[in-house]
Amino acid sequence: SARILTQPLVLRGKTLRNRVVFGAHTANMSENGLPGTQHLHYYLERARGGAGMIVVEPQPVHDTAVLTRGNFRPNDDAVIPGFRRITEACKAEGAVMVQQLYHVGQHGDADLSYRPNWSPSGMPSYHDSDGSHALRANEIEELIGGYIRAAERCRKAGFDGVEVWAAYHSLIEQFWRPWSNRRTDEWGGSLENRMRFGRRIIEGIRQACGEDFIIGLSASHAAKDPVALSLDDMTEILCSYDATGHVDYISCGSGSYIDYDRVMPTFVHGEKLSADLTRRLKAQVSHAVITAESQIRTPDNAESMLRAQEADLVSVVRGQIADPFWGRKVTENRDDDIRDCISCNQMCWGRRSRDYWISCLVNPSAGREHDWGSEGSIAPADAPRKLLVIGAGPAGLEAARVAAARGHSVTICEAGAQIGGQFRLAGEQPRRGQVLELLDWYERQFDALGVDLRLNTFVDAEDVAGYGADEVIVATGSLPPETGFQRWLPERDRLDGIGAGNVCSVEDIMRRAMVPGKRVVLLDEGGHWRGSGTAWFLAERGHEVSIVTPDAHIAAELGRTTSDVPLRQTLARAGVRFHTESVIDKWTGQQAAVLSMLTGDTTMIDADTLVLATTNTAFDMLAQDLDAAGIACHQIGDCVAPRLAPYAFYEGRKLALHL
Ligand code: SF4
């Protein structure tokens, strides 16, 4: 039978062409606080790509609500023209347009506003130990007015509605929870009083913006948050708002600022975290329910939730960042063509958490649509040429795919038996199989685009001429570290004792080229997946693993991009031992001397194998030989400098778009 996912749905007289929502998230792209060209094209791409409804990122409703440098200006009609450009362009492409309104209350960032955070009862922020200002009655009225004026601004800018954000223990939810609302006036105490703030906002927006204006409410269920509302209380609150008749949809996610790991669940959490709440609401409310379940990546996942009566609409955020044409491909039954998000969080949440505008590891055009153009209409090459790509890791794969899509005739040679390079090794680590699915996608794309893929084909400088290529792209990657150089021992180029034997790299382990002994010491310089994922892989196979890292905690860099706490918990529970803020002073072949950078003490660890997760070396022999032979080539990815995968995808696409 026909998919529910592709069926239309009417919200307050506006028809959504399908059930796919591009939910609100902070793209963080404003220019001087205003929505500009980058924003316009970011959303326009997803409207072209078939999203039924787009919820544009939040407009802070008050000076005290600003959370990032890329946030829009609060209280300023100057944002209206920029938003109008976005709504007009996206509506012309068939999307219903809504904007989220937010205030995070006690969890704000005072560095940005230089104003204290405002909250119901003066509780501290999640982000730091600063206290917040307990709202006075007139300030509560000021905030309610802020929400209503922001909604009016949305209406003037051509939005079809607004989504009032009450999720993740934001300000409205702070009023709901007795833990954060300890007031004894009309805004605290009974459930009715605690709901008053949200109710006044919703009723005020309805009155100010009229009967044809969509009002959504976004909430979340934080099952692991010890001070969260119970599922019963949350259901009662949301049903009560629904009963006002003013709320057209309720969007449910999971997590809270307090239970932060759950705000952005990754590979660690396979469960449908908000399904309990959406299922209950779906049975009880009269209006639409959106699931903002971050595990929904595939059309089949989404369809199963709709069929199980767990939701009416699905919010697919990371899926549509990774493939803006997700909605259209689903509608056209081209699921196999969808480039899946791999749940890495590296360039979306990771960049946002560093206060940059967001992008995507698998789709480096995200955030660059205004510059690089729409993926839906990749410009054909002026003069199609013959291209030879050498190396089928991320950089080579992406260069070959995009060049072929532009009409070039592409041959890609890979010395190994499979495509993917080190990226494939990452996919072999526990719970990272999505990486392998992405590589399958590249193989399907190559078939469709007629890319000539030659595996087990080593190409040296003399071979190149035989291919008769007009352009040569060298993407030969990097080699595992040999010296064990540690950045906190810069005076030593080599790890003392590196030649004593029983040393290998994470690549050797993941390639199964080396079976380590029972006891393993893993030197992790990067704090990324290479070290932690390999430690997990070994621990799952019964090895006793000790990680030595100069960072203050294991997987330190991952903490900026993903939920590192559950990962550390998983490693600790698997028996992995952590030696943080430490270096390896010496390796004997059977023992590692681990030097604490804090105390200066040395601990000897018995080990059968030392595994190096230190910095790789660029493998640029071919590029150098071509240079010496006077043959021009383009060099991309790790063979330029060993880095994380997103930069390889970025360089591959950028080069191919300009060839
Ligand atoms: Fe998905 Fe990673 Fe892209 Fe974020 S950066 S959308 S998690 S693939």
# chains A, B, ... in the order shown; residues from 1 in each chain; ligands from 1
>>> residues_near_ligand(ligand="ligand 1", cutoff="12 Å", atoms="only C-alpha atoms and all ligand atoms", output="MDAnalysis selection string")
chainID A and resid 25 27 264:267 294:298 316:324 339:352 357:367 432 434:435 437:438 561:563 645:647 649:650
>>> select_by_dssp(residues="stretch 418-571 of chain A", states="strand (DSSP E)", output="number ranges by chain")
A: 452-454, 471-474, 478-479, 503-505, 519-524, 544-548
>>> residues_around(residues="A:Leu313", least_positions_apart="4", cutoff="9 Å", atoms="only C-alpha atoms", output="short mmCIF file (atom, residue, chain, number, x, y, z; two decimals) with C-alpha atoms, in the first residue's frame")
data_model
loop_
_atom_site.label_atom_id
_atom_site.label_comp_id
_atom_site.auth_asym_id
_atom_site.auth_seq_id
_atom_site.Cartn_x
_atom_site.Cartn_y
_atom_site.Cartn_z
CA LEU A 5 5.10 9.28 4.56
CA LEU A 9 -1.62 16.51 5.75
CA ASN A 18 4.07 14.99 2.66
CA ARG A 19 4.85 14.01 6.25
CA VAL A 20 8.50 15.05 6.16
CA VAL A 21 9.44 17.96 8.42
CA SER A 251 6.53 18.01 18.34
CA ALA A 288 -1.02 16.44 14.88
CA VAL A 289 1.95 14.84 16.58
CA ILE A 290 5.45 15.16 15.17
CA THR A 291 8.17 12.81 16.24
CA ALA A 292 11.50 14.57 16.48
CA ALA A 302 9.96 6.95 9.54
CA LEU A 306 3.66 6.51 11.16
#
>>> residues_around(residues="stretch 462-479 of chain A", least_positions_apart="3", cutoff="10 Å", atoms="only C-alpha atoms", output="JSON, numbers by chain")
{"A": [384, 385, 386, 387, 388, 389, 390, 391, 392, 393, 394, 395, 396, 397, 399, 400, 409, 410, 411, 412, 413, 414, 415, 421, 422, 458, 459, 482, 505, 507, 615, 616, 617, 618, 619, 620, 621, 622, 623, 625, 626, 629, 631, 632, 633, 634, 635, 636, 637, 638, 639, 640, 641, 642, 643, 648, 652, 655, 656, 659]}
>>> closest_residue(among="A:Arg530, A:Arg424, A:Lys518, A:His579", to="A:Thr609", atoms="only C-alpha atoms")
A:Lys518
>>> residues_around(residues="A:Met604", least_positions_apart="6", cutoff="12 Å", atoms="only C-alpha atoms", output="mmCIF file with C-alpha atoms, in the first residue's frame")
data_model
loop_
_atom_site.group_PDB
_atom_site.id
_atom_site.type_symbol
_atom_site.label_atom_id
_atom_site.label_comp_id
_atom_site.auth_asym_id
_atom_site.auth_seq_id
_atom_site.Cartn_x
_atom_site.Cartn_y
_atom_site.Cartn_z
ATOM 1 C CA VAL A 521 48.286 -0.383 25.794
ATOM 2 C CA SER A 546 44.625 0.549 28.855
ATOM 3 C CA HIS A 579 45.423 6.940 32.047
ATOM 4 C CA VAL A 583 52.317 10.214 28.081
ATOM 5 C CA ILE A 584 54.319 7.065 27.401
ATOM 6 C CA ASP A 585 57.859 7.753 28.519
ATOM 7 C CA LYS A 586 59.277 4.447 27.316
ATOM 8 C CA TRP A 587 58.236 1.143 25.748
ATOM 9 C CA THR A 588 60.238 -1.992 26.482
ATOM 10 C CA GLN A 590 56.582 -5.863 27.313
ATOM 11 C CA GLN A 591 55.994 -2.819 29.448
ATOM 12 C CA ALA A 592 54.944 0.789 28.996
ATOM 13 C CA ALA A 593 56.291 3.426 31.373
ATOM 14 C CA VAL A 594 53.335 5.794 31.749
ATOM 15 C CA LEU A 595 54.287 9.243 32.978
ATOM 16 C CA SER A 596 51.628 11.355 34.660
#
